[in-house]
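**Q** Just one file: my_file-v3.txt, with compact mmCIF, N, CA and C atoms.
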```
# COMPACT_ATOMS: atom_id res chain seq x y z
N MET L 1 110.00 111.64 106.66
CA MET L 1 109.30 110.62 107.44
C MET L 1 109.69 109.25 106.89
N GLN L 2 110.08 108.36 107.79
CA GLN L 2 110.34 106.98 107.39
C GLN L 2 109.00 106.29 107.19
N ARG L 3 108.83 105.61 106.08
CA ARG L 3 107.54 104.98 105.80
C ARG L 3 107.54 103.51 106.18
N VAL L 4 108.06 102.63 105.37
CA VAL L 4 108.07 101.19 105.68
C VAL L 4 109.41 100.82 106.31
N THR L 5 109.35 100.08 107.41
CA THR L 5 110.57 99.68 108.12
C THR L 5 110.89 98.20 107.97
N GLY L 6 110.00 97.43 107.35
CA GLY L 6 110.23 96.01 107.14
C GLY L 6 108.94 95.29 106.79
N ILE L 7 109.04 94.01 106.55
CA ILE L 7 107.87 93.20 106.27
C ILE L 7 107.41 92.57 107.58
N GLY L 8 106.18 92.88 107.97
CA GLY L 8 105.63 92.34 109.20
C GLY L 8 105.04 90.96 109.02
N GLY L 9 104.50 90.68 107.83
CA GLY L 9 103.89 89.38 107.62
C GLY L 9 103.53 89.11 106.19
N ILE L 10 103.47 87.84 105.86
CA ILE L 10 103.04 87.36 104.56
C ILE L 10 101.89 86.40 104.83
N PHE L 11 100.74 86.73 104.28
CA PHE L 11 99.52 85.97 104.53
C PHE L 11 98.94 85.53 103.19
N PHE L 12 98.56 84.27 103.09
CA PHE L 12 97.92 83.81 101.85
C PHE L 12 96.96 82.67 102.14
N THR L 13 96.14 82.38 101.15
CA THR L 13 95.12 81.34 101.32
C THR L 13 95.49 80.11 100.51
N ALA L 14 94.88 78.99 100.87
CA ALA L 14 95.12 77.72 100.19
C ALA L 14 93.84 76.89 100.21
N LYS L 15 93.73 75.97 99.24
CA LYS L 15 92.58 75.06 99.20
C LYS L 15 92.57 74.14 100.41
N ASP L 16 93.77 73.69 100.81
CA ASP L 16 93.90 72.81 101.98
C ASP L 16 95.01 73.37 102.86
N PRO L 17 94.68 74.38 103.69
CA PRO L 17 95.74 75.03 104.47
C PRO L 17 96.47 74.09 105.42
N SER L 18 95.78 73.12 106.00
CA SER L 18 96.43 72.19 106.91
C SER L 18 97.51 71.38 106.20
N ALA L 19 97.18 70.86 105.03
CA ALA L 19 98.15 70.08 104.26
C ALA L 19 99.32 70.95 103.81
N LEU L 20 99.03 72.19 103.44
CA LEU L 20 100.10 73.08 103.00
C LEU L 20 101.02 73.44 104.17
N ARG L 21 100.44 73.70 105.33
CA ARG L 21 101.26 73.96 106.52
C ARG L 21 102.16 72.76 106.83
N ASP L 22 101.58 71.56 106.74
CA ASP L 22 102.36 70.35 106.99
C ASP L 22 103.52 70.22 106.00
N TRP L 23 103.28 70.56 104.74
CA TRP L 23 104.34 70.50 103.72
C TRP L 23 105.48 71.44 104.09
N TYR L 24 105.14 72.68 104.45
CA TYR L 24 106.18 73.65 104.83
C TYR L 24 106.93 73.20 106.08
N LYS L 25 106.22 72.59 107.01
CA LYS L 25 106.87 72.10 108.23
C LYS L 25 107.82 70.95 107.90
N ARG L 26 107.35 70.00 107.11
CA ARG L 26 108.14 68.81 106.79
C ARG L 26 109.33 69.13 105.89
N HIS L 27 109.11 69.91 104.84
CA HIS L 27 110.15 70.11 103.83
C HIS L 27 111.03 71.34 104.05
N LEU L 28 110.49 72.36 104.72
CA LEU L 28 111.27 73.58 104.93
C LEU L 28 111.50 73.90 106.40
N ASP L 29 111.07 72.98 107.28
CA ASP L 29 111.30 73.07 108.72
C ASP L 29 110.68 74.32 109.35
N PHE L 30 109.52 74.74 108.85
CA PHE L 30 108.80 75.86 109.47
C PHE L 30 108.28 75.41 110.82
N ASP L 31 108.45 76.23 111.83
CA ASP L 31 107.97 75.96 113.18
C ASP L 31 106.50 76.40 113.25
N MET L 32 105.59 75.56 112.79
CA MET L 32 104.19 75.93 112.69
C MET L 32 103.54 76.00 114.07
N GLN L 33 102.84 77.10 114.32
CA GLN L 33 102.14 77.32 115.57
C GLN L 33 100.67 76.92 115.43
N ASP L 34 99.99 76.74 116.54
CA ASP L 34 98.58 76.32 116.52
C ASP L 34 97.68 77.30 115.77
N TRP L 35 98.05 78.58 115.71
CA TRP L 35 97.22 79.58 115.04
C TRP L 35 97.36 79.54 113.52
N GLY L 36 98.23 78.69 112.98
CA GLY L 36 98.30 78.51 111.52
C GLY L 36 99.46 79.16 110.82
N GLY L 37 100.47 79.53 111.55
CA GLY L 37 101.63 80.17 110.93
C GLY L 37 102.86 80.05 111.79
N THR L 38 103.86 80.85 111.43
CA THR L 38 105.12 80.84 112.16
C THR L 38 105.68 82.25 112.21
N TYR L 39 106.63 82.46 113.11
CA TYR L 39 107.34 83.72 113.22
C TYR L 39 108.79 83.50 112.79
N PHE L 40 109.31 84.42 112.01
CA PHE L 40 110.73 84.45 111.70
C PHE L 40 111.30 85.64 112.46
N THR L 41 112.15 85.39 113.45
CA THR L 41 112.70 86.49 114.23
C THR L 41 113.86 87.13 113.46
N TRP L 42 113.98 88.42 113.61
CA TRP L 42 115.02 89.18 112.91
C TRP L 42 116.33 89.09 113.67
N THR L 43 117.40 89.00 112.92
CA THR L 43 118.74 89.01 113.50
C THR L 43 119.64 89.94 112.68
N ASP L 44 120.75 90.33 113.29
CA ASP L 44 121.73 91.14 112.56
C ASP L 44 122.67 90.19 111.82
N SER L 45 123.69 90.76 111.18
CA SER L 45 124.60 89.93 110.37
C SER L 45 125.40 88.94 111.20
N ALA L 46 125.47 89.16 112.51
CA ALA L 46 126.17 88.22 113.40
C ALA L 46 125.23 87.18 113.99
N GLY L 47 123.95 87.24 113.60
CA GLY L 47 122.98 86.28 114.11
C GLY L 47 122.35 86.66 115.44
N GLN L 48 122.58 87.86 115.91
CA GLN L 48 122.02 88.33 117.17
C GLN L 48 120.62 88.89 116.96
N PRO L 49 119.66 88.60 117.85
CA PRO L 49 118.29 89.12 117.71
C PRO L 49 118.28 90.65 117.67
N THR L 50 117.41 91.20 116.84
CA THR L 50 117.32 92.66 116.70
C THR L 50 115.96 93.20 117.12
N GLY L 51 115.08 92.36 117.66
CA GLY L 51 113.83 92.87 118.22
C GLY L 51 112.68 92.98 117.26
N GLY L 52 112.62 92.19 116.24
CA GLY L 52 111.48 92.19 115.33
C GLY L 52 111.23 90.79 114.81
N SER L 53 110.11 90.62 114.13
CA SER L 53 109.81 89.33 113.52
C SER L 53 108.90 89.54 112.31
N THR L 54 108.86 88.53 111.48
CA THR L 54 107.96 88.50 110.33
C THR L 54 107.08 87.26 110.48
N VAL L 55 105.79 87.46 110.31
CA VAL L 55 104.83 86.36 110.40
C VAL L 55 104.62 85.76 109.02
N TRP L 56 104.50 84.45 108.96
CA TRP L 56 104.12 83.74 107.74
C TRP L 56 102.90 82.91 108.11
N SER L 57 101.81 83.07 107.34
CA SER L 57 100.58 82.36 107.70
C SER L 57 99.78 81.99 106.46
N VAL L 58 99.21 80.79 106.50
CA VAL L 58 98.33 80.34 105.42
C VAL L 58 96.96 80.05 106.02
N MET L 59 95.92 80.48 105.30
CA MET L 59 94.54 80.35 105.78
C MET L 59 93.69 79.66 104.72
N ASP L 60 92.48 79.32 105.11
CA ASP L 60 91.54 78.71 104.19
C ASP L 60 91.22 79.67 103.05
N GLU L 61 91.04 79.12 101.85
CA GLU L 61 90.78 79.96 100.68
C GLU L 61 89.49 80.76 100.78
N LYS L 62 88.62 80.41 101.72
CA LYS L 62 87.38 81.18 101.90
C LYS L 62 87.66 82.52 102.58
N GLU L 63 88.83 82.67 103.20
CA GLU L 63 89.22 83.93 103.83
C GLU L 63 89.54 84.95 102.74
N SER L 64 89.39 86.21 103.07
CA SER L 64 89.82 87.25 102.14
C SER L 64 90.52 88.33 102.93
N PHE L 65 91.26 89.14 102.26
CA PHE L 65 92.06 90.16 102.90
C PHE L 65 91.54 91.54 102.49
N GLY L 66 90.54 91.99 103.22
CA GLY L 66 90.03 93.34 103.01
C GLY L 66 89.26 93.51 101.72
N PRO L 67 89.06 94.75 101.35
CA PRO L 67 88.22 95.05 100.19
C PRO L 67 88.79 94.56 98.87
N ALA L 68 90.09 94.31 98.80
CA ALA L 68 90.69 93.87 97.55
C ALA L 68 90.30 92.43 97.19
N ARG L 69 89.93 91.64 98.19
CA ARG L 69 89.48 90.26 97.97
C ARG L 69 90.50 89.42 97.19
N ARG L 70 91.75 89.57 97.50
CA ARG L 70 92.82 88.80 96.87
C ARG L 70 93.18 87.60 97.75
N PRO L 71 93.86 86.59 97.19
CA PRO L 71 94.24 85.41 97.98
C PRO L 71 95.52 85.60 98.79
N PHE L 72 96.05 86.81 98.85
CA PHE L 72 97.26 87.06 99.61
C PHE L 72 97.26 88.49 100.14
N MET L 73 98.13 88.74 101.10
CA MET L 73 98.32 90.09 101.60
C MET L 73 99.71 90.17 102.23
N ILE L 74 100.39 91.26 101.97
CA ILE L 74 101.66 91.52 102.64
C ILE L 74 101.42 92.63 103.65
N ASN L 75 101.92 92.42 104.83
CA ASN L 75 101.81 93.37 105.93
C ASN L 75 103.17 94.04 106.08
N TYR L 76 103.18 95.37 105.99
CA TYR L 76 104.42 96.12 106.13
C TYR L 76 104.46 96.83 107.47
N ARG L 77 105.59 96.72 108.15
CA ARG L 77 105.81 97.45 109.39
C ARG L 77 106.06 98.91 109.05
N VAL L 78 105.46 99.81 109.83
CA VAL L 78 105.65 101.25 109.61
C VAL L 78 105.96 101.92 110.94
N ALA L 79 106.62 103.07 110.87
CA ALA L 79 107.02 103.78 112.08
C ALA L 79 105.89 104.61 112.67
N ASP L 80 105.05 105.23 111.82
CA ASP L 80 103.99 106.12 112.29
C ASP L 80 102.79 105.96 111.36
N LEU L 81 101.88 105.08 111.72
CA LEU L 81 100.74 104.75 110.86
C LEU L 81 99.90 105.98 110.52
N ASP L 82 99.54 106.77 111.50
CA ASP L 82 98.67 107.92 111.24
C ASP L 82 99.31 108.90 110.25
N ALA L 83 100.59 109.20 110.44
CA ALA L 83 101.27 110.12 109.53
C ALA L 83 101.37 109.53 108.12
N LEU L 84 101.64 108.23 108.02
CA LEU L 84 101.75 107.61 106.71
C LEU L 84 100.41 107.60 105.99
N LEU L 85 99.33 107.25 106.69
CA LEU L 85 98.00 107.25 106.06
C LEU L 85 97.63 108.65 105.59
N ALA L 86 97.96 109.67 106.37
CA ALA L 86 97.68 111.05 105.97
C ALA L 86 98.48 111.41 104.71
N ALA L 87 99.74 111.01 104.66
CA ALA L 87 100.57 111.30 103.48
C ALA L 87 100.03 110.57 102.25
N LEU L 88 99.62 109.32 102.42
CA LEU L 88 99.08 108.56 101.29
C LEU L 88 97.79 109.19 100.77
N ARG L 89 96.93 109.64 101.67
CA ARG L 89 95.71 110.33 101.25
C ARG L 89 96.05 111.59 100.46
N ALA L 90 97.01 112.36 100.96
CA ALA L 90 97.42 113.60 100.29
C ALA L 90 98.01 113.32 98.91
N GLU L 91 98.60 112.16 98.75
CA GLU L 91 99.19 111.78 97.46
C GLU L 91 98.17 111.16 96.51
N GLY L 92 96.91 111.06 96.94
CA GLY L 92 95.85 110.55 96.09
C GLY L 92 95.69 109.04 96.10
N CYS L 93 96.29 108.35 97.06
CA CYS L 93 96.18 106.89 97.14
C CYS L 93 94.80 106.50 97.68
N GLU L 94 94.38 105.29 97.35
CA GLU L 94 93.11 104.75 97.85
C GLU L 94 93.34 104.15 99.24
N VAL L 95 93.10 104.94 100.25
CA VAL L 95 93.30 104.52 101.64
C VAL L 95 91.96 104.05 102.21
N VAL L 96 91.95 102.89 102.83
CA VAL L 96 90.77 102.37 103.49
C VAL L 96 90.56 103.20 104.75
N GLU L 97 89.35 103.71 104.94
CA GLU L 97 89.09 104.62 106.06
C GLU L 97 89.18 103.95 107.42
N LYS L 98 88.84 102.68 107.49
CA LYS L 98 88.86 101.95 108.76
C LYS L 98 90.30 101.66 109.19
N THR L 99 90.57 101.85 110.47
CA THR L 99 91.83 101.40 111.07
C THR L 99 91.47 100.54 112.28
N GLU L 100 92.44 99.78 112.76
CA GLU L 100 92.21 98.92 113.92
C GLU L 100 93.35 99.07 114.92
N ASN L 101 93.00 99.00 116.19
CA ASN L 101 93.97 98.96 117.28
C ASN L 101 93.81 97.64 118.01
N SER L 102 94.92 96.99 118.34
CA SER L 102 94.87 95.74 119.09
C SER L 102 96.10 95.65 119.97
N GLU L 103 96.22 94.55 120.69
CA GLU L 103 97.41 94.34 121.50
C GLU L 103 98.67 94.23 120.66
N PHE L 104 98.52 93.97 119.36
CA PHE L 104 99.66 93.85 118.45
C PHE L 104 100.11 95.20 117.91
N GLY L 105 99.22 96.20 117.97
CA GLY L 105 99.56 97.52 117.47
C GLY L 105 98.41 98.11 116.67
N LYS L 106 98.74 99.05 115.79
CA LYS L 106 97.75 99.75 114.97
C LYS L 106 97.86 99.28 113.52
N PHE L 107 96.70 99.09 112.88
CA PHE L 107 96.65 98.60 111.51
C PHE L 107 95.85 99.54 110.62
N GLY L 108 96.30 99.72 109.39
CA GLY L 108 95.59 100.48 108.38
C GLY L 108 95.84 99.83 107.03
N TRP L 109 95.08 100.26 106.01
CA TRP L 109 95.19 99.62 104.70
C TRP L 109 95.14 100.65 103.58
N VAL L 110 95.83 100.31 102.51
CA VAL L 110 95.79 101.09 101.28
C VAL L 110 95.69 100.08 100.14
N ILE L 111 95.02 100.46 99.07
CA ILE L 111 94.90 99.59 97.89
C ILE L 111 95.89 100.09 96.85
N ASP L 112 96.74 99.19 96.34
CA ASP L 112 97.72 99.61 95.34
C ASP L 112 97.07 99.73 93.96
N PRO L 113 97.76 100.25 92.95
CA PRO L 113 97.15 100.46 91.64
C PRO L 113 96.67 99.20 90.94
N GLU L 114 97.15 98.02 91.36
CA GLU L 114 96.71 96.75 90.77
C GLU L 114 95.53 96.17 91.55
N GLY L 115 95.07 96.87 92.58
CA GLY L 115 93.93 96.40 93.36
C GLY L 115 94.29 95.48 94.51
N ASN L 116 95.57 95.43 94.88
CA ASN L 116 96.00 94.58 96.00
C ASN L 116 95.84 95.32 97.32
N ASN L 117 95.33 94.62 98.31
CA ASN L 117 95.19 95.16 99.65
C ASN L 117 96.56 95.14 100.32
N VAL L 118 97.04 96.29 100.78
CA VAL L 118 98.33 96.40 101.46
C VAL L 118 98.05 96.78 102.90
N GLU L 119 98.49 95.93 103.83
CA GLU L 119 98.28 96.21 105.24
C GLU L 119 99.50 96.93 105.80
N LEU L 120 99.24 98.00 106.55
CA LEU L 120 100.28 98.78 107.20
C LEU L 120 100.13 98.60 108.70
N TRP L 121 101.23 98.28 109.37
CA TRP L 121 101.18 97.92 110.79
C TRP L 121 102.22 98.71 111.57
N GLU L 122 101.73 99.46 112.54
CA GLU L 122 102.63 100.10 113.51
C GLU L 122 102.63 99.20 114.74
N PRO L 123 103.70 98.42 114.93
CA PRO L 123 103.71 97.45 116.01
C PRO L 123 103.62 98.08 117.39
N ALA L 124 102.96 97.36 118.30
CA ALA L 124 102.98 97.75 119.70
C ALA L 124 104.37 97.46 120.26
N GLU L 125 104.67 98.04 121.38
CA GLU L 125 105.96 97.80 122.03
C GLU L 125 106.16 96.30 122.23
N GLY L 126 107.35 95.81 121.88
CA GLY L 126 107.67 94.40 122.04
C GLY L 126 107.48 93.56 120.81
N PHE L 127 106.91 94.13 119.77
CA PHE L 127 106.74 93.39 118.52
C PHE L 127 107.73 93.92 117.52
```
For this file, write the structure as structure tokens.
**A**
Amino acid sequence: MQRVTGIGGIFFTAKDPSALRDWYKRHLDFDMQDWGGTYFTWTDSAGQPTGGSTVWSVMDEKESFGPARRPFMINYRVADLDALLAALRAEGCEVVEKTENSEFGKFGWVIDPEGNNVELWEPAEGF
């Protein structure tokens, strides 16, 4: 079974998210969207689109990412969320029982040995 297929998103908090977003826009040319982040579209070695993207987003420090309550979270794209969560449970990993379905796809979470919340995302068609 293929487990992780790529990084779906990088999410973190900041004391002043608006100012930090502006810094990334001004100095690194991030195309900041109204929702507080940007998309990096995937391309092959020739620069042609390959049908995926990675989200980068910064939020207010009052936000938290699941039960781990850390200031960051990495979202990993997966091929089959249900199968992966079952395998992780069988391997003794700390899997969060709650999952979510949305127009973006299916989401689940596992806590790594350092207590970091890891988001697993099976994208909906088109993402």
**Q** Between L:Asp60, L:Glu91, L:Glu97, L:Glu122, which residue has the minimum interatomic distance to Asn75 in chain L, considering only C-alpha atoms?
**A** L:Glu122
**Q** What parts of chain L does DSSP call helix (DSSP H, G or I)? I'd like the answer as a ChimeraX atom specification.
**A** /L:17-28,66-68,81-90
**Q** Choose the residue, out of L:Ala83, L:Ile111, L:Ile7, L:Leu120, that has the smallest atom-to-atom separation from Gly52 in chain L; count only C-alpha atoms.
**A**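 Nearest to Gly52 in chain L: L:Ile7.
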**Q** Any idea what the distance is between atom C of Ile74 in chain L and CA of Ala46 in chain L?
**A**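 Separation between atom C of Ile74 in chain L and CA of Ala46 in chain L: 27.0 Å.
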**Q** Atom N of Trp35 in chain L and CA of Gly66 in chain L, how far apart in Å?
**A**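 Atom-to-atom, CA of Gly66 in chain L and atom N of Trp35 in chain L are spaced 21.1 Å apart.
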**Q** Using all atoms listed in the file, pick whichever of L:Gly115, L:Pro49, L:Pro123, L:Pro71 has the shortest atom-to-atom distance to Phe11 in chain L.
**A**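 When distances to Phe11 in chain L are compared using all atoms listed in the file, the smallest one comes from L:Pro71.
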**Q** Please identify all polymer residues within 8 Å of Pro17 in chain L, counting all atoms listed in the file, omitting same-chain residues fewer than 2 positions from it, and present them as a PDB file with N, CA and C atoms, in the frame of the given file.
**A**
```
ATOM      1  N   THR L  13      96.140  82.380 101.150  1.00  0.00           N
ATOM      2  CA  THR L  13      95.120  81.340 101.320  1.00  0.00           C
ATOM      3  C   THR L  13      95.490  80.110 100.510  1.00  0.00           C
ATOM      4  N   ALA L  14      94.880  78.990 100.870  1.00  0.00           N
ATOM      5  CA  ALA L  14      95.120  77.720 100.190  1.00  0.00           C
ATOM      6  C   ALA L  14      93.840  76.890 100.210  1.00  0.00           C
ATOM      7  N   LYS L  15      93.730  75.970  99.240  1.00  0.00           N
ATOM      8  CA  LYS L  15      92.580  75.060  99.200  1.00  0.00           C
ATOM      9  C   LYS L  15      92.570  74.140 100.410  1.00  0.00           C
ATOM     10  N   ALA L  19      97.180  70.860 105.030  1.00  0.00           N
ATOM     11  CA  ALA L  19      98.150  70.080 104.260  1.00  0.00           C
ATOM     12  C   ALA L  19      99.320  70.950 103.810  1.00  0.00           C
ATOM     13  N   LEU L  20      99.030  72.190 103.440  1.00  0.00           N
ATOM     14  CA  LEU L  20     100.100  73.080 103.000  1.00  0.00           C
ATOM     15  C   LEU L  20     101.020  73.440 104.170  1.00  0.00           C
ATOM     16  N   ARG L  21     100.440  73.700 105.330  1.00  0.00           N
ATOM     17  CA  ARG L  21     101.260  73.960 106.520  1.00  0.00           C
ATOM     18  C   ARG L  21     102.160  72.760 106.830  1.00  0.00           C
ATOM     19  N   ASP L  22     101.580  71.560 106.740  1.00  0.00           N
ATOM     20  CA  ASP L  22     102.360  70.350 106.990  1.00  0.00           C
ATOM     21  C   ASP L  22     103.520  70.220 106.000  1.00  0.00           C
ATOM     22  N   TRP L  23     103.280  70.560 104.740  1.00  0.00           N
ATOM     23  CA  TRP L  23     104.340  70.500 103.720  1.00  0.00           C
ATOM     24  C   TRP L  23     105.480  71.440 104.090  1.00  0.00           C
ATOM     25  N   GLY L  36      98.230  78.690 112.980  1.00  0.00           N
ATOM     26  CA  GLY L  36      98.300  78.510 111.520  1.00  0.00           C
ATOM     27  C   GLY L  36      99.460  79.160 110.820  1.00  0.00           C
ATOM     28  N   VAL L  58      99.210  80.790 106.500  1.00  0.00           N
ATOM     29  CA  VAL L  58      98.330  80.340 105.420  1.00  0.00           C
ATOM     30  C   VAL L  58      96.960  80.050 106.020  1.00  0.00           C
ATOM     31  N   MET L  59      95.920  80.480 105.300  1.00  0.00           N
ATOM     32  CA  MET L  59      94.540  80.350 105.780  1.00  0.00           C
ATOM     33  C   MET L  59      93.690  79.660 104.720  1.00  0.00           C
ATOM     34  N   ASP L  60      92.480  79.320 105.110  1.00  0.00           N
ATOM     35  CA  ASP L  60      91.540  78.710 104.190  1.00  0.00           C
ATOM     36  C   ASP L  60      91.220  79.670 103.050  1.00  0.00           C
ATOM     37  N   GLU L  61      91.040  79.120 101.850  1.00  0.00           N
ATOM     38  CA  GLU L  61      90.780  79.960 100.680  1.00  0.00           C
ATOM     39  C   GLU L  61      89.490  80.760 100.780  1.00  0.00           C
TER      40      GLU L  61
END
```
**Q** Please, which residues are within 12 Å of (99.1, 78.6, 116.9) by the file's coordinates, counting only C-alpha atoms, and could they come as a PyMOL selection string?
**A** chain L and resi 21+31-39+55-58
**Q** List as a JSON list (two decimals) with N, CA and C atoms, keeping the file's coordinate frame the protein and nucleic acid residues near Arg77 in chain L, meaning an atom at most 5 Å away when all atoms listed in the file are counted, but skip any in the same chain fewer than 2 places from it.
**A**
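Once everything was written out, this is selection34.json:
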```
[["chain", "number", "residue", "atom", "x", "y", "z"],
["L", 4, "VAL", "N", 108.06, 102.63, 105.37],
["L", 4, "VAL", "CA", 108.07, 101.19, 105.68],
["L", 4, "VAL", "C", 109.41, 100.82, 106.31],
["L", 5, "THR", "N", 109.35, 100.08, 107.41],
["L", 5, "THR", "CA", 110.57, 99.68, 108.12],
["L", 5, "THR", "C", 110.89, 98.20, 107.97],
["L", 6, "GLY", "N", 110.00, 97.43, 107.35],
["L", 6, "GLY", "CA", 110.23, 96.01, 107.14],
["L", 6, "GLY", "C", 108.94, 95.29, 106.79],
["L", 7, "ILE", "N", 109.04, 94.01, 106.55],
["L", 7, "ILE", "CA", 107.87, 93.20, 106.27],
["L", 7, "ILE", "C", 107.41, 92.57, 107.58],
["L", 8, "GLY", "N", 106.18, 92.88, 107.97],
["L", 8, "GLY", "CA", 105.63, 92.34, 109.20],
["L", 8, "GLY", "C", 105.04, 90.96, 109.02],
["L", 75, "ASN", "N", 101.92, 92.42, 104.83],
["L", 75, "ASN", "CA", 101.81, 93.37, 105.93],
["L", 75, "ASN", "C", 103.17, 94.04, 106.08],
["L", 79, "ALA", "N", 106.62, 103.07, 110.87],
["L", 79, "ALA", "CA", 107.02, 103.78, 112.08],
["L", 79, "ALA", "C", 105.89, 104.61, 112.67],
["L", 121, "TRP", "N", 101.23, 98.28, 109.37],
["L", 121, "TRP", "CA", 101.18, 97.92, 110.79],
["L", 121, "TRP", "C", 102.22, 98.71, 111.57]]
```
**Q** Among range 58-112 of chain L, which residues carry a DSSP assignment of strand (DSSP E), reported as a ChimeraX atom specification?
**A** /L:58-60,72-78,94-102,105-111
**Q** Please identify all polymer residues within 8 Å of Gly51 in chain L, counting all atoms listed in the file, omitting same-chain residues fewer than 5 positions from it, and present them as a ChimeraX atom specification.
**A** /L:41-44,126-127
**Q** Enter the distance from atom C of Gly9 in chain L to atom N of Tyr76 in chain L, in Å, rounded to one decimal.
**A**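 Interatomic distance here is 6.3 Å.
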**Q** Which one is closest to Val118 in chain L: L:Phe65, L:Tyr24, L:Phe12, L:Phe40? Count only C-alpha atoms.
**A**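 So, comparing all the options, the nearest one is L:Phe65.
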**Q** List the neighbours of Val96 in chain L out to 8 Å using all atoms listed in the file; skip same-chain residues closer than 4 positions along the sequence, and give me the result as a ChimeraX atom specification.
**A** /L:108-111
